[in-house]
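Please read the structure below before turning to the comments.
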Amino acid sequence: MFRSLHMKLVLILVLMIVSVMAVVGTFLINSVNTFYLDNFYEQMQSVFTGDTILSLEEAAAESGADGLITIIDAHRSRLGIDDYRNYYILDNQGRFLDGSNPNISVTRTSNIIAAMAGDAGTRSSVSDSMMDIAVPIDMDEDNGTDYIVYIADDKQEISDLSWRFFQIVMQAMMFGLLAAILLSFLLSKTITTPIERITEGAKSIAEGNFDQDLGVQSSDEIGELTRSFNYMARRLKSTVGEVQGERDKLNTLFLHMSDGVAAFTTDGRLIHMNPAAESLLGVRMEDDLGFDEMFADLDMPNSDETAMRTFLTSEITRFGRVLSVTLAPYGALDGEGGVIAVIHDITEQRRLDDARREFVANVSHELRTPLTNIRSYTETLLDAAGDIPIDTEKQFLGVISSESERMARIVTDLLTLSKLDYGRMELRMTRFSLADMLHNVANAMKLTAEDSGHALAVDTPDDLPKIVGDRERIEQVVVNILSNAVKYTPSGGHIRLSARELSGNRVRITVEDDGVGIPAADVPRLFERFYRVDKARSRAAGGTGLGLAIAKEIVEQHEGKIALASEYGKGTTVTITLPTDLTPNREEGPA
């Protein structure tokens with residue numbers, strides 16, 4: 001109950017009022033007692049002057065105790081003799097002789113004892129049960145005290161008055177308590193109500209509702225606290241929004257990045273993994289695997305490596321793919337952090353590295369062979385100059401010329417591929433007749449085909465549409481494919497060149513032969529640079545191994561596709577699909 005600030009404020013105010021009233025009441029009662037005590041002795045001193053004492057001595061000498069009573073009765077009003085205050089005539093031993101109330105026994109007090117010794121007893125304290133004064137009466141100075149006039153007040157009047165004061169104080173305290181409780185409730189409400197509103201607002205913010213704008217009811221410290229709370233709520237909303245945005249970005253990046261990411265605690269327990277990591281490693285988050293189970297080939301970074309923030313990179317193989325795994329520590333160094341594994345698929349990079357090395361080796365080999373032949377025949381001509389028959393010399397020079405042309409073709413093909421790779425080859429995009437172009441190519445290749453004993457047929461419909469493209473480059477592709485068909489088709493074979501219009505503004509060019517065909521294992525690699533099925537026969541036929549690679553690049557530059565299907569011993573079919581609606585960048589070429 002008293003844990004609330006409201007009740008604490010009420011209790012504090014009530015205790016404060018009670019304490020103040022108690023102190024004030026005690027002070028008043030003590031002040032009244034002191035006042036009455038001082039007033040009693042002042043009153044007694046005003047009566048028992050030297051003259052009054054002399055009169056008492058003379059009356060005692062003449063009439064004894066009766067004379068004393070006569071004098072005291074004369075001063076009765078000044079002495080305040082009443083029901084609470086009495087006078088007594090005592091002998092020199094303090095025994096009662098006469099008085100205003102003979103029914104009350106006189107107790108020998110310190111003042112009476114002092115009077116018996118000849119001194120006036122005028123001492124009393126607030127804590128004594130009565131106020132008294134004892135005046136010695138000495139009729140003959142040589143004989144000592146003869147009588148004692150003793151005035152005693154039983155403090156009953158003071159007690160009644162003190163009790164009345166106490167009742168008044170208690171009544172005032174009760175009214176004060178009621179007023180204090182009411183005022184304390186009002187005062188505490190003015191303090192606790194804004195605090196309660198701020199508390200509710202804080203709870204609402206803790207639950208994620210940052211749209212808090214508490215009304216400022218005052219300009220005091222609580223009002224300033226309310227304004228600060230509203231500012232804090234706005235700043236929190238802005239900050240949390242920024243953090244949420246960054247977290248959403250990171251989550252999106254984490255979920256859709258191509259690299260795999262897996263987070264582990266320091267003891268190797270998996271705590272998070274993105275879909276890319278699941279795909280690359282062939283595991284699932286639900287499998288609840290540990291670091292040692294997922295990366296059996298790797299060691300978890302130790303505490304020294306974690307403290308030094310050392311990044312460890314290794315390579316592993318999974319499902320035929322080469323993966324680069326980078327282990328990076330994160331978090332605190334007191335065991336609350338862990339390790340993040342970043343997994344990158346470098347299979348294609350390794351394949352490209354291997355292809356580059358193979359490409360360099362192939363280029364070196366292709367250039368070395370004609371260079372060796374040229375050097376050999378040249379040295380022979382130089383060493384045997386004038387001794388070689390003219391026919392043999394012409395034959396040697398023909399070989400040198402042929403090998404030089406072969407080197408020139410290799411270099412030209414390499415330059416063409418380089419331009420295509422780096423986008424430096426400018427295509428002369430014009431609109432031209434595909435049918436006319438195919439017929440021109442067939443006519444140019446007809447003699448070569450006939451010399452090899454082949455039958456070359458062309459099949460193009462009359463309504464074959466014109467296309468937009470670089471006529472020279474497309475013609476180069478078709479010539480290259482037809483040349484391969486002529487080279488690798490035995491004498492008496494059949495070669496067919498055809499074209500058809502397809503839906504979606506496309507055309508298809510097909511080159512079919514019934515030649516030797518290509519083994520199924522070699523078909524997927526035919527468009528790789530320098531790749532040849534039968535290297536010896538290809539070199540004998542004058543091939544460089546770059547023709548199909550160049551053809552593929554040119555077709556793709558025209559947003560088309562090239563495909564090859566072959567059955568070993570039965571023939572090969574090459575299909576080229578090209579769009580017809582590309583944008584020209586040159587005037588229309590010849591029909």
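FYI, nothing fancy with the structure tokens labels: chains A, B, ... in order, residues from 1 per chain, ligands from 1 as they appear.
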
So which residues touch Pro275 of chain A within 12 Å, counting only C-alpha atoms, skipping near sequence neighbours fewer than 6 positions away, as a short mmCIF file (atom, residue, chain, number, x, y, z; two decimals) with N, CA and C atoms, in the first residue's frame?
```
data_model
loop_
_atom_site.label_atom_id
_atom_site.label_comp_id
_atom_site.auth_asym_id
_atom_site.auth_seq_id
_atom_site.Cartn_x
_atom_site.Cartn_y
_atom_site.Cartn_z
N ASN A 251 18.81 -7.56 -43.29
CA ASN A 251 18.08 -8.82 -43.45
C ASN A 251 17.86 -9.16 -44.91
N THR A 252 17.48 -8.12 -45.69
CA THR A 252 17.29 -8.36 -47.13
C THR A 252 18.60 -8.77 -47.78
N LEU A 253 19.67 -8.05 -47.44
CA LEU A 253 20.98 -8.40 -47.98
C LEU A 253 21.38 -9.80 -47.55
N PHE A 254 21.14 -10.11 -46.28
CA PHE A 254 21.53 -11.41 -45.74
C PHE A 254 20.76 -12.54 -46.41
N LEU A 255 19.47 -12.31 -46.66
CA LEU A 255 18.64 -13.38 -47.23
C LEU A 255 18.90 -13.58 -48.72
N HIS A 256 19.23 -12.50 -49.44
CA HIS A 256 19.31 -12.60 -50.89
C HIS A 256 20.72 -12.51 -51.45
N MET A 257 21.71 -12.37 -50.58
CA MET A 257 23.07 -12.31 -51.09
C MET A 257 23.48 -13.69 -51.61
N SER A 258 24.32 -13.67 -52.62
CA SER A 258 24.73 -14.93 -53.24
C SER A 258 25.74 -15.69 -52.38
N ASP A 259 26.48 -14.97 -51.54
CA ASP A 259 27.42 -15.63 -50.65
C ASP A 259 26.68 -16.19 -49.44
N GLY A 260 27.14 -17.33 -48.96
CA GLY A 260 26.54 -17.92 -47.78
C GLY A 260 27.13 -17.33 -46.51
N VAL A 261 26.28 -17.18 -45.50
CA VAL A 261 26.72 -16.66 -44.20
C VAL A 261 26.13 -17.54 -43.11
N ALA A 262 26.98 -18.00 -42.20
CA ALA A 262 26.53 -18.80 -41.05
C ALA A 262 27.21 -18.26 -39.81
N LEU A 281 26.11 -25.47 -48.84
CA LEU A 281 26.60 -26.55 -47.98
C LEU A 281 25.70 -27.78 -48.02
N GLY A 282 24.49 -27.64 -48.58
CA GLY A 282 23.58 -28.77 -48.65
C GLY A 282 23.01 -29.15 -47.30
N VAL A 283 22.82 -28.17 -46.40
CA VAL A 283 22.26 -28.43 -45.08
C VAL A 283 21.09 -27.47 -44.87
N ARG A 284 20.38 -27.66 -43.76
CA ARG A 284 19.25 -26.80 -43.42
C ARG A 284 19.42 -26.30 -41.99
N MET A 285 18.85 -25.14 -41.73
CA MET A 285 18.92 -24.57 -40.39
C MET A 285 18.24 -25.49 -39.38
N GLU A 286 17.17 -26.17 -39.83
CA GLU A 286 16.42 -27.04 -38.94
C GLU A 286 17.20 -28.28 -38.53
N ILE A 343 30.80 -17.83 -46.90
CA ILE A 343 31.07 -18.89 -47.87
C ILE A 343 30.86 -18.34 -49.27
#
```

Item to complete: Within 6 Å of Gly560 of chain A, counting only C-alpha atoms, which residues show up once you throw out same-chain ones fewer than 2 positions away? Write them as an NGL selection string, please.
Response: :A and (555-556 or 558 or 577-578)

Fill in: Test item, alpha helix (DSSP H) assignment across segment 204-448 of chain A, answer as a ChimeraX atom specification
/A:204-206,221-256,275-281,291-294,303-307,347-383,390-421,434-448

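You can rank A:Leu546, A:Ile509, A:Leu28, A:Val240 by their closest distance to Glu366 of chain A using only C-alpha atoms, and at the top of that list sits A:Leu546.
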
Item to complete: Write out as a PyMOL selection string all residues of segment 233-463 of chain A that DSSP puts in strand (DSSP E or B) for this structure's backbone.
Response: chain A and resi 260-265+269-273+290+312-318+321-330+338-345+429-433+455-459

Discussion item. I'd like the neighbourhood of segment 425-429 of chain A as JSON, numbers by chain, where a residue qualifies if any of its atoms comes within 12 Å (using only C-alpha atoms), though same-chain residues fewer than 3 positions away should be ignored.
Written reply: {"A": [415, 416, 417, 418, 419, 420, 421, 422, 432, 467, 468, 469, 470, 471, 472, 473, 474, 553, 554, 555, 557, 558, 580, 581, 582, 583, 584, 585, 586, 587, 588, 589]}

Residues near Ser46 of chain A, cut-off 12 Å, only C-alpha atoms, skip fewer than 4 positions along chain, as a PDB file with N, CA and C atoms, in the first residue's frame:
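Once written, out37.pdb looks like this:
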```pdb
ATOM      1  N   ASN A  39       4.327  32.856  37.971  1.00  0.00           N
ATOM      2  CA  ASN A  39       3.306  33.773  38.490  1.00  0.00           C
ATOM      3  C   ASN A  39       3.051  33.534  39.983  1.00  0.00           C
ATOM      4  N   PHE A  40       3.093  32.259  40.405  1.00  0.00           N
ATOM      5  CA  PHE A  40       2.873  31.916  41.823  1.00  0.00           C
ATOM      6  C   PHE A  40       3.931  32.564  42.693  1.00  0.00           C
ATOM      7  N   TYR A  41       5.184  32.417  42.329  1.00  0.00           N
ATOM      8  CA  TYR A  41       6.250  32.946  43.164  1.00  0.00           C
ATOM      9  C   TYR A  41       6.331  34.465  43.076  1.00  0.00           C
ATOM     10  N   GLU A  42       5.984  35.022  41.930  1.00  0.00           N
ATOM     11  CA  GLU A  42       5.928  36.484  41.835  1.00  0.00           C
ATOM     12  C   GLU A  42       4.829  37.030  42.749  1.00  0.00           C
ATOM     13  N   GLY A  50       9.077  42.718  53.196  1.00  0.00           N
ATOM     14  CA  GLY A  50       9.649  42.915  54.557  1.00  0.00           C
ATOM     15  C   GLY A  50       8.619  43.445  55.529  1.00  0.00           C
ATOM     16  N   ASP A  51       7.775  44.373  55.070  1.00  0.00           N
ATOM     17  CA  ASP A  51       6.760  44.941  55.943  1.00  0.00           C
ATOM     18  C   ASP A  51       5.752  43.895  56.347  1.00  0.00           C
ATOM     19  N   THR A  52       5.335  43.056  55.362  1.00  0.00           N
ATOM     20  CA  THR A  52       4.344  42.037  55.690  1.00  0.00           C
ATOM     21  C   THR A  52       4.917  41.045  56.675  1.00  0.00           C
ATOM     22  N   ILE A  53       6.160  40.670  56.539  1.00  0.00           N
ATOM     23  CA  ILE A  53       6.782  39.705  57.460  1.00  0.00           C
ATOM     24  C   ILE A  53       6.898  40.332  58.850  1.00  0.00           C
ATOM     25  N   HIS A  75      -4.663  39.339  53.578  1.00  0.00           N
ATOM     26  CA  HIS A  75      -4.009  39.256  52.251  1.00  0.00           C
ATOM     27  C   HIS A  75      -4.512  38.057  51.454  1.00  0.00           C
ATOM     28  N   ARG A  78      -4.898  38.582  47.670  1.00  0.00           N
ATOM     29  CA  ARG A  78      -3.618  38.750  46.989  1.00  0.00           C
ATOM     30  C   ARG A  78      -2.838  37.449  46.931  1.00  0.00           C
ATOM     31  N   LEU A  79      -3.055  36.591  47.904  1.00  0.00           N
ATOM     32  CA  LEU A  79      -2.384  35.297  47.900  1.00  0.00           C
ATOM     33  C   LEU A  79      -3.100  34.268  47.020  1.00  0.00           C
ATOM     34  N   GLY A  80      -4.288  34.605  46.557  1.00  0.00           N
ATOM     35  CA  GLY A  80      -5.019  33.695  45.675  1.00  0.00           C
ATOM     36  C   GLY A  80      -5.514  32.458  46.395  1.00  0.00           C
TER      37      GLY A  80
END
```

Using only C-alpha atoms, which protein or nucleic acid residues come within 12 Å of Thr460 of chain A? Drop anything in the same chain fewer than 5 positions from it, and give the result as a short mmCIF file (atom, residue, chain, number, x, y, z; two decimals) with C-alpha atoms, in the first residue's frame.
```cif
data_model
loop_
_atom_site.label_atom_id
_atom_site.label_comp_id
_atom_site.auth_asym_id
_atom_site.auth_seq_id
_atom_site.Cartn_x
_atom_site.Cartn_y
_atom_site.Cartn_z
CA SER A 433 17.62 -9.69 -96.72
CA LEU A 434 18.60 -12.85 -94.89
CA ALA A 435 17.61 -15.05 -97.82
CA ASP A 436 19.91 -13.16 -100.21
CA MET A 437 22.76 -13.35 -97.73
CA LEU A 438 22.35 -17.14 -97.33
CA HIS A 439 22.26 -17.65 -101.09
CA ALA A 442 26.04 -20.88 -100.51
CA PRO A 465 11.57 -11.38 -93.53
CA ARG A 496 21.71 -28.38 -96.15
CA LEU A 497 21.45 -24.63 -95.36
CA SER A 498 17.91 -23.46 -94.46
CA ALA A 499 16.08 -20.60 -92.75
CA ARG A 500 12.59 -20.23 -91.27
CA GLU A 501 10.57 -17.45 -89.66
CA VAL A 507 14.26 -16.29 -87.55
CA ARG A 508 16.13 -19.56 -87.40
CA ILE A 509 19.12 -20.52 -89.56
CA THR A 510 19.99 -24.22 -89.70
#
```

Item to complete: Name the residues in contact with Ser228 of chain A at a cut-off of 12 Å, using only C-alpha atoms, excluding same-chain residues fewer than 6 positions from it; report them as a PyMOL selection string.
Response: chain A and resi 198+212-216+221-222+234-236

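Using only C-alpha atoms, the residues found no farther than 10 Å from Glu157 of chain A, other than those of its own chain fewer than 4 positions away, are Tyr36, Asp83, Tyr84, Arg85, Asp153, Leu161, Ser162 and Trp163 of chain A.
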
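When atom CA of Ile495 of chain A is paired with atom CA of Phe527 of chain A, their separation reads 20.9 Å.
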
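Between atom CA of Ile271 of chain A and atom CA of Gly338 of chain A lies a distance of 9.7 Å.
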
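The two atoms in question, atom CA of Thr265 of chain A and atom CA of Leu298 of chain A, are spaced 15.6 Å apart.
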